[in-house]
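Asks: Dropping in run-v3.cif, which is mmCIF, C-alpha atoms:
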```
data_model
loop_
_atom_site.label_atom_id
_atom_site.label_comp_id
_atom_site.auth_asym_id
_atom_site.auth_seq_id
_atom_site.Cartn_x
_atom_site.Cartn_y
_atom_site.Cartn_z
CA MET E 28 84.05 91.27 125.11
CA GLY E 29 83.57 94.47 123.12
CA LEU E 30 84.79 95.54 119.71
CA GLU E 31 88.58 95.60 119.30
CA LEU E 32 90.40 97.35 116.46
CA TYR E 33 94.02 96.37 115.80
CA LEU E 34 95.65 99.37 114.17
CA ASP E 35 98.89 101.16 113.44
CA LEU E 36 98.03 104.73 112.51
CA LEU E 37 101.13 104.97 110.34
CA SER E 38 99.01 102.92 107.91
CA GLN E 39 96.54 104.65 105.61
CA PRO E 40 93.85 101.91 105.83
CA CYS E 41 94.17 101.91 109.62
CA ARG E 42 93.58 105.65 109.71
CA ALA E 43 90.47 105.23 107.56
CA VAL E 44 89.05 102.66 109.99
CA TYR E 45 89.98 104.80 113.00
CA ILE E 46 88.45 107.98 111.59
CA PHE E 47 85.26 106.18 110.55
CA ALA E 48 84.76 104.59 113.97
CA ARG E 49 85.49 107.82 115.86
CA LYS E 50 83.37 109.97 113.54
CA ASN E 51 80.38 107.68 114.01
CA GLY E 52 80.74 107.26 117.76
CA ILE E 53 81.41 103.53 117.48
CA PRO E 54 82.77 102.23 120.80
CA PHE E 55 85.98 100.23 120.43
CA GLU E 56 89.16 99.30 122.22
CA LEU E 57 92.27 100.33 120.34
CA LYS E 58 94.89 97.60 120.14
CA GLN E 59 98.09 99.12 118.79
CA VAL E 60 100.19 96.95 116.50
CA ARG E 61 103.50 98.65 115.76
CA LEU E 62 104.58 97.59 112.29
CA PHE E 63 108.04 99.11 112.65
CA THR E 64 108.88 96.70 115.47
CA GLY E 65 107.36 93.63 113.82
CA GLN E 66 104.47 93.20 116.26
CA GLN E 67 102.28 91.98 113.40
CA ARG E 68 104.39 88.80 113.32
CA LYS E 69 103.91 87.93 116.98
CA ALA E 70 101.78 84.92 117.86
CA THR E 71 99.28 87.03 119.80
CA PHE E 72 98.42 89.05 116.70
CA ARG E 73 98.58 86.09 114.31
CA ALA E 74 95.81 84.54 116.40
CA VAL E 75 93.64 87.53 115.38
CA ASN E 76 94.82 87.79 111.78
CA PRO E 77 96.98 84.98 110.34
CA LEU E 78 97.68 87.26 107.36
CA MET E 79 99.81 89.38 109.74
CA LYS E 80 98.42 92.65 108.40
CA VAL E 81 96.59 95.61 109.87
CA PRO E 82 93.89 96.69 110.25
CA ALA E 83 92.13 93.81 111.92
CA LEU E 84 88.89 93.64 113.87
CA LYS E 85 87.72 91.38 116.65
CA ASP E 86 84.08 91.42 117.74
CA GLY E 87 83.66 88.79 120.43
CA ASP E 88 84.75 85.53 118.83
CA PHE E 89 84.50 86.99 115.33
CA ALA E 90 87.68 88.22 113.66
CA LEU E 91 87.93 90.13 110.39
CA ALA E 92 90.78 91.35 108.20
CA GLU E 93 91.02 93.85 105.30
CA SER E 94 90.15 97.50 105.72
CA ILE E 95 87.26 97.66 103.24
CA ALA E 96 85.61 94.61 104.76
CA ILE E 97 86.04 96.17 108.21
CA LEU E 98 84.58 99.51 107.13
CA LEU E 99 81.54 97.82 105.61
CA TYR E 100 81.09 95.61 108.68
CA LEU E 101 81.10 98.66 110.94
CA ALA E 102 78.71 100.58 108.67
CA ARG E 103 76.24 97.70 108.64
CA LYS E 104 76.48 96.62 112.26
CA PHE E 105 76.20 100.12 113.69
CA ARG E 106 73.78 101.38 111.03
CA THR E 107 75.79 104.48 110.32
CA PRO E 108 74.19 107.32 108.30
CA ASP E 109 73.23 106.24 104.81
CA HIS E 110 75.61 108.61 103.02
CA TRP E 111 78.63 106.55 104.10
CA TYR E 112 77.48 103.52 102.09
CA PRO E 113 74.33 104.63 100.25
CA SER E 114 71.31 102.36 99.98
CA GLU E 115 70.47 103.87 96.58
CA LEU E 116 71.72 101.35 94.03
CA GLN E 117 73.74 103.56 91.71
CA GLN E 118 75.28 105.69 94.44
CA ARG E 119 76.40 102.54 96.23
CA ALA E 120 77.80 101.26 92.96
CA ARG E 121 79.91 104.43 92.67
CA VAL E 122 81.33 103.82 96.14
CA ASP E 123 82.01 100.17 95.32
CA GLU E 124 83.61 101.17 92.02
CA PHE E 125 86.13 103.47 93.67
CA LEU E 126 86.88 101.10 96.55
CA SER E 127 87.59 98.36 94.01
CA TRP E 128 89.83 100.60 91.88
CA GLN E 129 91.89 102.32 94.56
CA HIS E 130 93.78 99.16 95.57
CA THR E 131 95.60 99.14 92.24
CA GLY E 132 94.74 102.61 90.93
CA ILE E 133 96.22 104.85 93.64
CA ARG E 134 97.73 102.82 96.46
CA PRO E 135 100.74 101.30 94.67
CA PHE E 136 101.97 104.63 93.30
CA GLY E 137 101.33 106.71 96.41
CA SER E 138 102.91 104.14 98.70
CA LYS E 139 105.90 103.86 96.40
CA VAL E 140 106.49 107.63 96.52
CA PHE E 141 106.27 107.54 100.31
CA MET E 142 108.69 104.63 100.62
CA ILE E 143 111.23 106.09 98.22
CA LYS E 144 111.25 109.53 99.82
CA SER E 145 110.81 108.62 103.49
CA LEU E 146 111.98 105.07 104.16
CA ALA E 147 114.57 104.23 101.53
CA PRO E 148 117.09 106.93 102.62
CA VAL E 149 117.29 105.55 106.17
CA VAL E 150 117.04 101.79 105.69
CA LEU E 151 119.01 101.19 102.50
CA ALA E 152 122.79 101.13 102.33
CA SER E 153 122.89 103.01 99.02
CA PRO E 154 120.48 105.49 97.41
CA LEU E 155 117.97 104.37 94.83
CA PRO E 156 118.39 105.56 91.23
CA PRO E 157 116.54 108.86 90.58
CA GLU E 158 114.42 107.19 87.92
CA LYS E 159 112.72 105.11 90.64
CA LEU E 160 111.15 108.22 92.13
CA GLU E 161 110.50 109.71 88.71
CA GLY E 162 108.60 106.59 87.66
CA ALA E 163 106.58 106.51 90.89
CA VAL E 164 105.64 110.19 90.58
CA GLU E 165 104.67 109.71 86.93
CA GLY E 166 102.42 106.79 87.87
CA LEU E 167 100.89 108.77 90.72
CA ASN E 168 100.19 111.73 88.42
CA GLU E 169 98.38 109.44 85.98
CA ALA E 170 96.35 107.97 88.86
CA LEU E 171 95.38 111.45 90.06
CA LYS E 172 94.26 112.38 86.56
CA ALA E 173 92.07 109.28 86.47
CA PHE E 174 90.70 110.08 89.92
CA GLU E 175 89.68 113.60 88.91
CA GLU E 176 88.29 112.76 85.48
CA LYS E 177 86.63 109.41 86.14
CA PHE E 178 85.65 109.35 89.80
CA LEU E 179 85.36 112.93 91.02
CA GLN E 180 84.34 114.75 87.82
CA ASP E 181 82.38 117.88 88.83
CA LYS E 182 80.70 116.38 91.90
CA PRO E 183 81.27 117.61 95.44
CA PHE E 184 82.10 114.05 96.53
CA ILE E 185 82.79 110.78 94.75
CA ALA E 186 79.25 109.40 95.12
CA GLY E 187 77.41 112.71 94.82
CA ASP E 188 76.49 115.45 97.24
CA GLU E 189 77.62 113.82 100.50
CA ILE E 190 80.77 112.21 101.84
CA SER E 191 81.04 108.43 101.60
CA LEU E 192 83.50 105.69 102.47
CA ALA E 193 85.07 106.29 99.06
CA ASP E 194 86.07 109.86 99.98
CA LEU E 195 87.46 108.78 103.35
CA VAL E 196 89.61 106.05 101.82
CA ALA E 197 90.80 108.40 99.07
CA LEU E 198 91.75 111.14 101.52
CA VAL E 199 93.97 108.98 103.74
CA GLU E 200 95.73 107.58 100.68
CA LEU E 201 96.37 110.96 99.06
CA THR E 202 97.48 112.80 102.19
CA GLN E 203 100.11 110.15 102.94
CA GLU E 204 102.40 111.63 100.31
CA LEU E 205 102.51 114.96 102.14
CA PHE E 206 104.50 113.15 104.81
CA ALA E 207 107.08 111.79 102.37
CA GLY E 208 109.98 113.83 103.68
CA GLU E 209 112.77 115.10 101.49
CA SER E 210 115.22 115.32 104.35
CA PRO E 211 117.45 112.22 104.75
CA VAL E 212 115.78 111.75 108.14
CA PRO E 213 112.33 113.12 107.42
CA LEU E 214 109.99 112.37 110.29
CA TRP E 215 112.10 111.15 113.16
CA ALA E 216 114.81 113.83 113.08
CA VAL E 217 113.16 116.19 115.49
CA GLU E 218 113.63 116.99 119.14
CA GLY E 219 110.80 117.01 121.64
CA PRO E 220 107.09 116.56 121.03
CA PRO E 221 105.49 117.30 117.63
CA TYR E 222 105.09 119.79 115.91
CA ALA E 223 106.93 123.05 115.82
CA SER E 224 108.27 126.12 114.14
CA ALA E 225 106.40 129.26 113.37
CA ALA E 226 106.55 128.29 109.72
CA ARG E 227 103.69 126.36 108.25
CA CYS E 228 104.53 122.70 107.76
CA PRO E 229 103.50 121.33 104.35
CA ALA E 230 102.67 117.99 105.98
CA LEU E 231 99.99 119.77 108.00
CA ASP E 232 98.92 122.11 105.25
CA PHE E 233 96.18 119.74 104.19
CA LEU E 234 94.54 120.47 107.54
CA ASP E 235 94.83 124.24 107.15
CA LEU E 236 96.13 124.40 110.71
CA TRP E 237 98.86 126.42 112.35
CA GLN E 238 100.88 124.76 115.08
CA THR E 239 102.21 126.43 118.22
CA PRO E 240 106.00 126.89 118.03
CA THR E 241 107.03 124.18 120.52
CA GLN E 242 109.51 122.14 118.54
CA ARG E 243 112.67 122.83 116.56
CA LEU E 244 114.79 120.90 114.14
CA SER E 245 118.07 119.54 115.34
CA PRO E 246 120.82 122.05 114.41
CA ALA E 247 122.65 119.37 112.47
CA LEU E 248 119.77 118.97 110.05
CA SER E 249 118.63 120.92 107.06
CA PRO E 250 116.38 123.88 107.94
CA GLN E 251 113.76 122.41 105.65
CA PRO E 252 110.61 121.64 107.70
CA VAL E 253 110.31 118.01 108.72
CA GLY E 254 107.56 116.30 106.80
CA ALA E 255 107.87 118.55 103.75
CA GLY E 256 106.82 116.05 101.13
CA HIS E 257 105.19 115.47 97.82
CA ASP E 258 102.33 117.96 97.72
CA LEU E 259 100.14 116.32 95.12
CA PHE E 260 97.38 118.90 95.69
CA GLU E 261 99.51 121.76 94.36
CA GLY E 262 98.34 122.89 90.95
CA ARG E 263 95.19 120.77 91.15
CA PRO E 264 92.38 123.12 92.21
CA LYS E 265 89.60 120.55 91.76
CA LEU E 266 91.43 118.00 93.90
CA SER E 267 92.31 120.63 96.49
CA THR E 268 88.71 121.84 96.76
CA TRP E 269 87.48 118.26 97.18
CA ARG E 270 90.08 117.69 99.89
CA HIS E 271 88.84 120.69 101.89
CA ARG E 272 85.26 119.46 101.62
CA VAL E 273 86.21 116.02 102.91
CA GLU E 274 88.24 117.46 105.79
CA ALA E 275 85.34 119.72 106.78
CA ALA E 276 82.89 116.81 106.66
CA LEU E 277 85.14 114.63 108.82
CA GLY E 278 86.21 117.38 111.19
CA LYS E 279 89.74 118.75 111.04
CA ASP E 280 90.48 117.93 114.68
CA LEU E 281 89.68 114.26 114.05
CA VAL E 282 91.81 114.16 110.89
CA LEU E 283 94.73 115.69 112.79
CA GLU E 284 94.23 113.24 115.66
CA ALA E 285 94.44 110.31 113.26
CA HIS E 286 97.66 111.64 111.69
CA LYS E 287 99.50 112.50 114.91
CA THR E 288 101.33 109.18 114.90
CA LEU E 289 103.09 110.22 111.68
CA LEU E 290 104.38 113.32 113.44
CA HIS E 291 105.86 111.51 116.44
CA PRO E 292 109.50 110.69 115.67
CA GLU E 293 109.63 107.77 118.11
CA ASN E 294 107.08 105.89 116.01
CA MET E 295 109.45 105.74 113.03
CA ALA E 296 112.84 105.63 114.78
CA VAL E 297 114.46 103.27 112.32
CA ASP E 298 117.92 103.67 113.87
CA GLN E 299 116.59 102.18 117.11
CA LEU E 300 115.30 98.99 115.52
CA PRO E 301 117.06 95.65 116.01
CA PRO E 302 119.33 94.91 113.02
CA ALA E 303 117.21 91.94 111.92
CA VAL E 304 114.03 94.02 111.86
CA LYS E 305 115.78 96.87 110.04
CA GLU E 306 117.03 94.39 107.42
CA GLN E 307 113.49 93.03 106.97
CA LEU E 308 112.27 96.57 106.47
CA ALA E 309 115.00 97.25 103.92
CA GLN E 310 114.10 94.11 101.97
CA ALA E 311 110.43 95.09 102.04
CA VAL E 312 111.25 98.54 100.65
CA LEU E 313 113.39 97.07 97.86
CA LYS E 314 110.69 94.58 96.94
CA TYR E 315 108.00 97.25 96.88
CA VAL E 316 109.88 99.77 94.74
CA GLN E 317 110.99 97.30 92.07
#
```
Could you write out this structure as C-alpha coordinates?

Replies:
Amino acid sequence: MGLELYLDLLSQPCRAVYIFARKNGIPFELKQVRLFTGQQRKATFRAVNPLMKVPALKDGDFALAESIAILLYLARKFRTPDHWYPSELQQRARVDEFLSWQHTGIRPFGSKVFMIKSLAPVVLASPLPPEKLEGAVEGLNEALKAFEEKFLQDKPFIAGDEISLADLVALVELTQELFAGESPVPLWAVEGPPYASAARCPALDFLDLWQTPTQRLSPALSPQPVGAGHDLFEGRPKLSTWRHRVEAALGKDLVLEAHKTLLHPENMAVDQLPPAVKEQLAQAVLKYVQ
(Lines of atoms letter the chains of each structure in order from A and count residues from 1; the text may use other names and numbers.)
(Lines give C-alpha, C1' and ligand atoms only; values in the text may rest on other atoms or scores of the structure.)
Protein backbone atom coordinates (compact mmCIF):
# COMPACT_ATOMS: atom_id res chain seq x y z
CA MET A 1 0.00 0.00 0.00
CA GLY A 2 1.42 3.37 -1.03
CA LEU A 3 1.20 6.79 0.54
CA GLU A 4 -2.33 8.17 0.95
CA LEU A 5 -3.16 11.81 1.67
CA TYR A 6 -6.63 12.61 2.99
CA LEU A 7 -7.36 16.18 1.96
CA ASP A 8 -10.02 18.76 1.29
CA LEU A 9 -8.43 21.53 -0.75
CA LEU A 10 -10.87 24.06 0.69
CA SER A 11 -8.59 23.82 3.74
CA GLN A 12 -5.41 25.89 3.91
CA PRO A 13 -3.30 23.19 5.65
CA CYS A 14 -4.48 20.63 3.11
CA ARG A 15 -3.37 22.88 0.27
CA ALA A 16 0.05 23.25 1.89
CA VAL A 17 0.46 19.46 2.07
CA TYR A 18 -0.80 19.02 -1.49
CA ILE A 19 1.49 21.69 -2.95
CA PHE A 20 4.51 20.35 -1.07
CA ALA A 21 3.95 16.77 -2.24
CA ARG A 22 3.31 17.78 -5.85
CA LYS A 23 6.22 20.24 -5.96
CA ASN A 24 8.63 17.58 -4.74
CA GLY A 25 7.34 14.78 -6.94
CA ILE A 26 6.19 12.70 -3.98
CA PRO A 27 3.92 9.89 -5.21
CA PHE A 28 0.61 9.71 -3.34
CA GLU A 29 -3.00 8.72 -3.72
CA LEU A 30 -5.39 11.58 -3.06
CA LYS A 31 -8.29 10.63 -0.80
CA GLN A 32 -10.81 13.46 -0.86
CA VAL A 33 -12.63 14.20 2.38
CA ARG A 34 -15.38 16.75 1.78
CA LEU A 35 -15.77 18.77 4.96
CA PHE A 36 -18.94 20.47 3.76
CA THR A 37 -20.78 17.14 3.66
CA GLY A 38 -19.41 15.85 6.96
CA GLN A 39 -17.26 13.07 5.49
CA GLN A 40 -14.68 13.66 8.23
CA ARG A 41 -17.18 12.19 10.71
CA LYS A 42 -17.70 8.94 8.86
CA ALA A 43 -16.32 5.74 10.38
CA THR A 44 -14.05 5.10 7.41
CA PHE A 45 -12.19 8.36 7.98
CA ARG A 46 -12.25 8.12 11.78
CA ALA A 47 -10.30 4.88 11.37
CA VAL A 48 -7.52 6.97 9.77
CA ASN A 49 -7.79 9.98 12.06
CA PRO A 50 -9.96 9.73 15.20
CA LEU A 51 -9.59 13.50 15.57
CA MET A 52 -11.86 13.83 12.50
CA LYS A 53 -9.71 16.54 10.93
CA VAL A 54 -7.83 16.96 7.69
CA PRO A 55 -5.17 16.67 6.51
CA ALA A 56 -4.31 13.11 7.41
CA LEU A 57 -1.67 10.75 6.07
CA LYS A 58 -1.54 6.99 5.81
CA ASP A 59 1.70 5.26 4.87
CA GLY A 60 1.08 1.53 4.97
CA ASP A 61 -0.10 0.79 8.50
CA PHE A 62 1.18 4.14 9.78
CA ALA A 63 -1.30 6.99 10.15
CA LEU A 64 -0.48 10.60 10.97
CA ALA A 65 -2.53 13.72 11.68
CA GLU A 66 -1.70 17.46 11.82
CA SER A 67 -0.40 19.34 8.81
CA ILE A 68 2.98 20.39 10.23
CA ALA A 69 3.74 16.86 11.37
CA ILE A 70 2.77 15.59 7.91
CA LEU A 71 4.93 18.16 6.12
CA LEU A 72 7.94 17.27 8.25
CA TYR A 73 7.32 13.54 7.78
CA LEU A 74 7.26 13.97 4.01
CA ALA A 75 10.38 16.17 4.02
CA ARG A 76 12.32 13.61 6.05
CA LYS A 77 11.08 10.43 4.40
CA PHE A 78 11.55 11.66 0.85
CA ARG A 79 14.68 13.69 1.61
CA THR A 80 13.40 16.79 -0.10
CA PRO A 81 15.84 19.63 -0.89
CA ASP A 82 17.41 21.09 2.22
CA HIS A 83 15.90 24.56 1.80
CA TRP A 84 12.44 23.28 2.72
CA TYR A 85 13.54 22.37 6.25
CA PRO A 86 17.16 23.52 6.54
CA SER A 87 19.77 21.39 8.25
CA GLU A 88 21.61 24.53 9.41
CA LEU A 89 20.61 25.00 13.04
CA GLN A 90 19.54 28.63 13.08
CA GLN A 91 17.76 28.55 9.73
CA ARG A 92 15.78 25.53 10.88
CA ALA A 93 15.01 27.36 14.10
CA ARG A 94 13.53 30.23 12.06
CA VAL A 95 11.27 27.79 10.23
CA ASP A 96 10.25 26.14 13.51
CA GLU A 97 9.63 29.54 15.07
CA PHE A 98 7.18 30.61 12.38
CA LEU A 99 5.43 27.23 12.21
CA SER A 100 4.91 27.39 15.98
CA TRP A 101 3.60 30.97 15.87
CA GLN A 102 1.26 30.80 12.88
CA HIS A 103 -1.27 28.54 14.61
CA THR A 104 -2.25 31.35 16.96
CA GLY A 105 -0.59 34.31 15.26
CA ILE A 106 -2.30 34.31 11.84
CA ARG A 107 -4.71 31.41 11.50
CA PRO A 108 -7.42 32.48 13.96
CA PHE A 109 -7.77 35.98 12.50
CA GLY A 110 -7.56 35.01 8.83
CA SER A 111 -10.00 32.14 9.26
CA LYS A 112 -12.39 34.39 11.15
CA VAL A 113 -12.40 36.96 8.32
CA PHE A 114 -13.08 34.18 5.82
CA MET A 115 -15.93 32.71 7.86
CA ILE A 116 -17.58 36.05 8.53
CA LYS A 117 -17.45 37.20 4.91
CA SER A 118 -18.02 33.91 3.08
CA LEU A 119 -19.84 31.43 5.29
CA ALA A 120 -21.85 33.42 7.81
CA PRO A 121 -24.11 35.13 5.20
CA VAL A 122 -25.33 31.80 3.82
CA VAL A 123 -25.56 29.58 6.90
CA LEU A 124 -26.80 31.96 9.58
CA ALA A 125 -30.41 33.08 9.92
CA SER A 126 -29.44 36.66 10.77
CA PRO A 127 -26.38 38.76 9.93
CA LEU A 128 -23.53 39.13 12.39
CA PRO A 129 -22.92 42.55 13.97
CA PRO A 130 -20.48 44.67 11.89
CA GLU A 131 -18.09 44.85 14.82
CA LYS A 132 -17.40 41.11 14.43
CA LEU A 133 -15.77 41.70 11.07
CA GLU A 134 -14.11 44.88 12.26
CA GLY A 135 -12.53 43.04 15.17
CA ALA A 136 -11.35 40.18 12.95
CA VAL A 137 -9.81 42.56 10.42
CA GLU A 138 -8.11 44.53 13.19
CA GLY A 139 -6.62 41.32 14.60
CA LEU A 140 -5.50 40.23 11.15
CA ASN A 141 -3.83 43.59 10.50
CA GLU A 142 -1.88 43.29 13.75
CA ALA A 143 -0.83 39.75 12.79
CA LEU A 144 0.36 40.94 9.37
CA LYS A 145 2.39 43.69 11.00
CA ALA A 146 4.04 41.11 13.25
CA PHE A 147 4.67 38.84 10.26
CA GLU A 148 6.43 41.59 8.31
CA GLU A 149 8.43 43.06 11.18
CA LYS A 150 9.36 39.93 13.13
CA PHE A 151 9.44 37.06 10.65
CA LEU A 152 9.99 38.49 7.18
CA GLN A 153 11.99 41.65 7.96
CA ASP A 154 14.12 42.47 4.88
CA LYS A 155 14.79 38.87 3.84
CA PRO A 156 13.61 37.36 0.56
CA PHE A 157 12.01 34.48 2.48
CA ILE A 158 11.26 33.76 6.12
CA ALA A 159 14.36 31.62 6.72
CA GLY A 160 16.70 33.51 4.41
CA ASP A 161 17.45 33.37 0.71
CA GLU A 162 15.35 30.33 -0.24
CA ILE A 163 11.77 29.19 0.18
CA SER A 164 10.99 26.94 3.14
CA LEU A 165 8.00 25.19 4.68
CA ALA A 166 7.37 28.41 6.61
CA ASP A 167 6.75 30.39 3.41
CA LEU A 168 4.47 27.71 1.99
CA VAL A 169 2.34 27.57 5.13
CA ALA A 170 2.20 31.36 5.31
CA LEU A 171 1.13 31.72 1.69
CA VAL A 172 -1.85 29.35 1.88
CA GLU A 173 -3.03 31.06 5.06
CA LEU A 174 -2.76 34.59 3.69
CA THR A 175 -4.27 33.93 0.27
CA GLN A 176 -7.38 32.37 1.84
CA GLU A 177 -8.73 35.82 2.63
CA LEU A 178 -8.76 36.77 -1.05
CA PHE A 179 -11.57 34.25 -1.43
CA ALA A 180 -13.68 35.77 1.33
CA GLY A 181 -16.46 36.99 -0.92
CA GLU A 182 -18.43 40.13 -0.24
CA SER A 183 -21.42 38.95 -2.23
CA PRO A 184 -24.13 37.23 -0.12
CA VAL A 185 -23.39 34.10 -2.14
CA PRO A 186 -19.70 34.55 -2.81
CA LEU A 187 -18.23 31.41 -4.31
CA TRP A 188 -21.11 29.18 -5.26
CA ALA A 189 -23.28 31.74 -7.05
CA VAL A 190 -21.89 31.16 -10.50
CA GLU A 191 -23.07 29.27 -13.53
CA GLY A 192 -20.93 26.76 -15.36
CA PRO A 193 -17.29 25.87 -14.79
CA PRO A 194 -14.86 28.29 -13.11
CA TYR A 195 -13.68 31.03 -13.79
CA ALA A 196 -14.93 33.75 -16.05
CA SER A 197 -15.36 37.32 -17.11
CA ALA A 198 -12.90 39.42 -18.98
CA ALA A 199 -12.34 41.37 -15.79
CA ARG A 200 -9.56 40.34 -13.51
CA CYS A 201 -10.81 38.49 -10.45
CA PRO A 202 -9.24 39.69 -7.18
CA ALA A 203 -9.34 36.12 -5.87
CA LEU A 204 -6.96 35.14 -8.66
CA ASP A 205 -4.93 38.32 -8.57
CA PHE A 206 -2.41 36.74 -6.24
CA LEU A 207 -1.51 34.43 -9.12
CA ASP A 208 -1.12 37.28 -11.62
CA LEU A 209 -3.16 35.25 -14.08
CA TRP A 210 -5.86 36.19 -16.55
CA GLN A 211 -8.69 33.74 -17.08
CA THR A 212 -10.43 33.01 -20.37
CA PRO A 213 -13.96 34.48 -20.41
CA THR A 214 -15.94 31.24 -20.05
CA GLN A 215 -18.18 31.96 -17.10
CA ARG A 216 -20.65 34.67 -16.12
CA LEU A 217 -22.42 35.67 -12.97
CA SER A 218 -26.06 34.83 -12.64
CA PRO A 219 -28.10 37.90 -13.73
CA ALA A 220 -29.82 37.99 -10.36
CA LEU A 221 -26.55 38.62 -8.56
CA SER A 222 -24.46 41.69 -8.02
CA PRO A 223 -22.05 42.41 -10.90
CA GLN A 224 -19.23 42.32 -8.39
CA PRO A 225 -16.80 39.51 -9.35
CA VAL A 226 -17.30 36.32 -7.39
CA GLY A 227 -14.48 35.77 -4.96
CA ALA A 228 -13.72 39.48 -4.53
CA GLY A 229 -12.49 39.38 -0.98
CA HIS A 230 -10.24 40.86 1.62
CA ASP A 231 -7.09 41.79 -0.28
CA LEU A 232 -4.64 41.92 2.59
CA PHE A 233 -1.72 42.46 0.18
CA GLU A 234 -3.02 45.87 -0.93
CA GLY A 235 -0.94 48.68 0.49
CA ARG A 236 1.72 46.27 1.78
CA PRO A 237 4.54 46.31 -0.80
CA LYS A 238 6.91 44.17 1.27
CA LEU A 239 4.27 41.49 1.78
CA SER A 240 3.22 41.65 -1.86
CA THR A 241 6.81 41.27 -3.10
CA TRP A 242 7.34 38.28 -0.81
CA ARG A 243 4.13 36.73 -2.10
CA HIS A 244 5.31 36.97 -5.72
CA ARG A 245 8.62 35.36 -4.79
CA VAL A 246 6.88 32.45 -3.09
CA GLU A 247 4.49 31.94 -6.01
CA ALA A 248 7.39 31.95 -8.47
CA ALA A 249 9.33 29.43 -6.36
CA LEU A 250 6.33 27.10 -6.12
CA GLY A 251 5.17 27.55 -9.70
CA LYS A 252 2.03 29.53 -10.44
CA ASP A 253 0.34 26.65 -12.26
CA LEU A 254 0.70 24.45 -9.17
CA VAL A 255 -0.63 27.18 -6.87
CA LEU A 256 -3.64 27.66 -9.14
CA GLU A 257 -4.20 23.90 -9.31
CA ALA A 258 -4.30 23.70 -5.51
CA HIS A 259 -6.82 26.57 -5.29
CA LYS A 260 -9.21 25.39 -8.01
CA THR A 261 -11.48 23.71 -5.48
CA LEU A 262 -12.25 27.12 -3.99
CA LEU A 263 -13.43 28.29 -7.40
CA HIS A 264 -15.82 25.41 -8.03
CA PRO A 265 -19.26 26.40 -6.74
CA GLU A 266 -20.41 22.81 -6.23
CA ASN A 267 -17.76 22.34 -3.55
CA MET A 268 -19.37 24.97 -1.32
CA ALA A 269 -23.04 24.60 -2.27
CA VAL A 270 -24.40 25.21 1.21
CA ASP A 271 -28.01 25.35 0.03
CA GLN A 272 -27.72 21.72 -1.13
CA LEU A 273 -26.59 20.39 2.23
CA PRO A 274 -28.91 18.32 4.44
CA PRO A 275 -30.52 20.54 7.11
CA ALA A 276 -28.69 18.77 9.94
CA VAL A 277 -25.30 19.32 8.30
CA LYS A 278 -26.11 22.95 7.52
CA GLU A 279 -27.09 23.48 11.17
CA GLN A 280 -23.80 21.93 12.31
CA LEU A 281 -21.96 24.29 9.99
CA ALA A 282 -23.89 27.27 11.34
CA GLN A 283 -23.05 26.30 14.92
CA ALA A 284 -19.39 25.90 13.99
CA VAL A 285 -19.32 29.38 12.43
CA LEU A 286 -20.96 30.93 15.50
CA LYS A 287 -18.54 29.20 17.83
CA TYR A 288 -15.53 30.27 15.78
CA VAL A 289 -16.45 33.94 15.46
CA GLN A 290 -17.28 34.48 19.13

Asks: Quick one, how far is CA of Ser191 in chain E from CA of Ser267 in chain E?

Replies: 17.4 Å

Asks: So that I can check the surroundings of range 60-69 of chain E, please list as a list in words every protein, DNA and RNA residue that reaches within 6 Å of it, counting all atoms listed in the file and ignoring chain neighbours fewer than 5 positions away.

Replies: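 Neighbouring residues, sequence-local ones excluded: Leu34, Asp35 and Met79 of chain E.
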
Asks: Quick one, how far is CA of Leu91 in chain E from CA of Gly52 in chain E?

Replies: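 Between CA of Leu91 in chain E and CA of Gly52 in chain E the gap is 20.0 Å.
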
Asks: Do you know which residues are at most 9 Å from Ser38 in chain E counting only C-alpha atoms, after dropping those on the same chain fewer than 6 positions away, and could you put them as a list in words?

Replies: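 The residues satisfying every condition are Leu62, Val81, Pro82, Val199 and Gln203 of chain E.
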
Asks: Running the PyMOL selection byres ((chain E and resi 101-113) around 7) on this model by hand, what would come out? Give it as JSON, numbers by chain.

Replies: {"E": [51, 97, 98, 99, 100, 114, 115, 118, 119, 189, 190, 191, 192]}

Asks: Keeping only C-alpha atoms, take the residues you just selected and write them out as a PDB file, keeping the file's coordinate frame.

Replies:
```pdb
ATOM      1  CA  ASN E  51      80.380 107.680 114.010  1.00  0.00           C
ATOM      2  CA  ILE E  97      86.040  96.170 108.210  1.00  0.00           C
ATOM      3  CA  LEU E  98      84.580  99.510 107.130  1.00  0.00           C
ATOM      4  CA  LEU E  99      81.540  97.820 105.610  1.00  0.00           C
ATOM      5  CA  TYR E 100      81.090  95.610 108.680  1.00  0.00           C
ATOM      6  CA  SER E 114      71.310 102.360  99.980  1.00  0.00           C
ATOM      7  CA  GLU E 115      70.470 103.870  96.580  1.00  0.00           C
ATOM      8  CA  GLN E 118      75.280 105.690  94.440  1.00  0.00           C
ATOM      9  CA  ARG E 119      76.400 102.540  96.230  1.00  0.00           C
ATOM     10  CA  GLU E 189      77.620 113.820 100.500  1.00  0.00           C
ATOM     11  CA  ILE E 190      80.770 112.210 101.840  1.00  0.00           C
ATOM     12  CA  SER E 191      81.040 108.430 101.600  1.00  0.00           C
ATOM     13  CA  LEU E 192      83.500 105.690 102.470  1.00  0.00           C
TER      14      LEU E 192
END
```

Asks: So, with all atoms listed in the file as the atoms that count, which of E:Leu78, E:Ala285, E:Leu155, E:Ala170 lies closest to Ala48 in chain E?

Replies: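 Using all atoms listed in the file, the shortest distance to Ala48 in chain E belongs to E:Ala285.
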
Asks: Work out how far apart CA of Ala70 in chain E and CA of Gln307 in chain E are and give it in Å to one decimal.

Replies: 17.9 Å
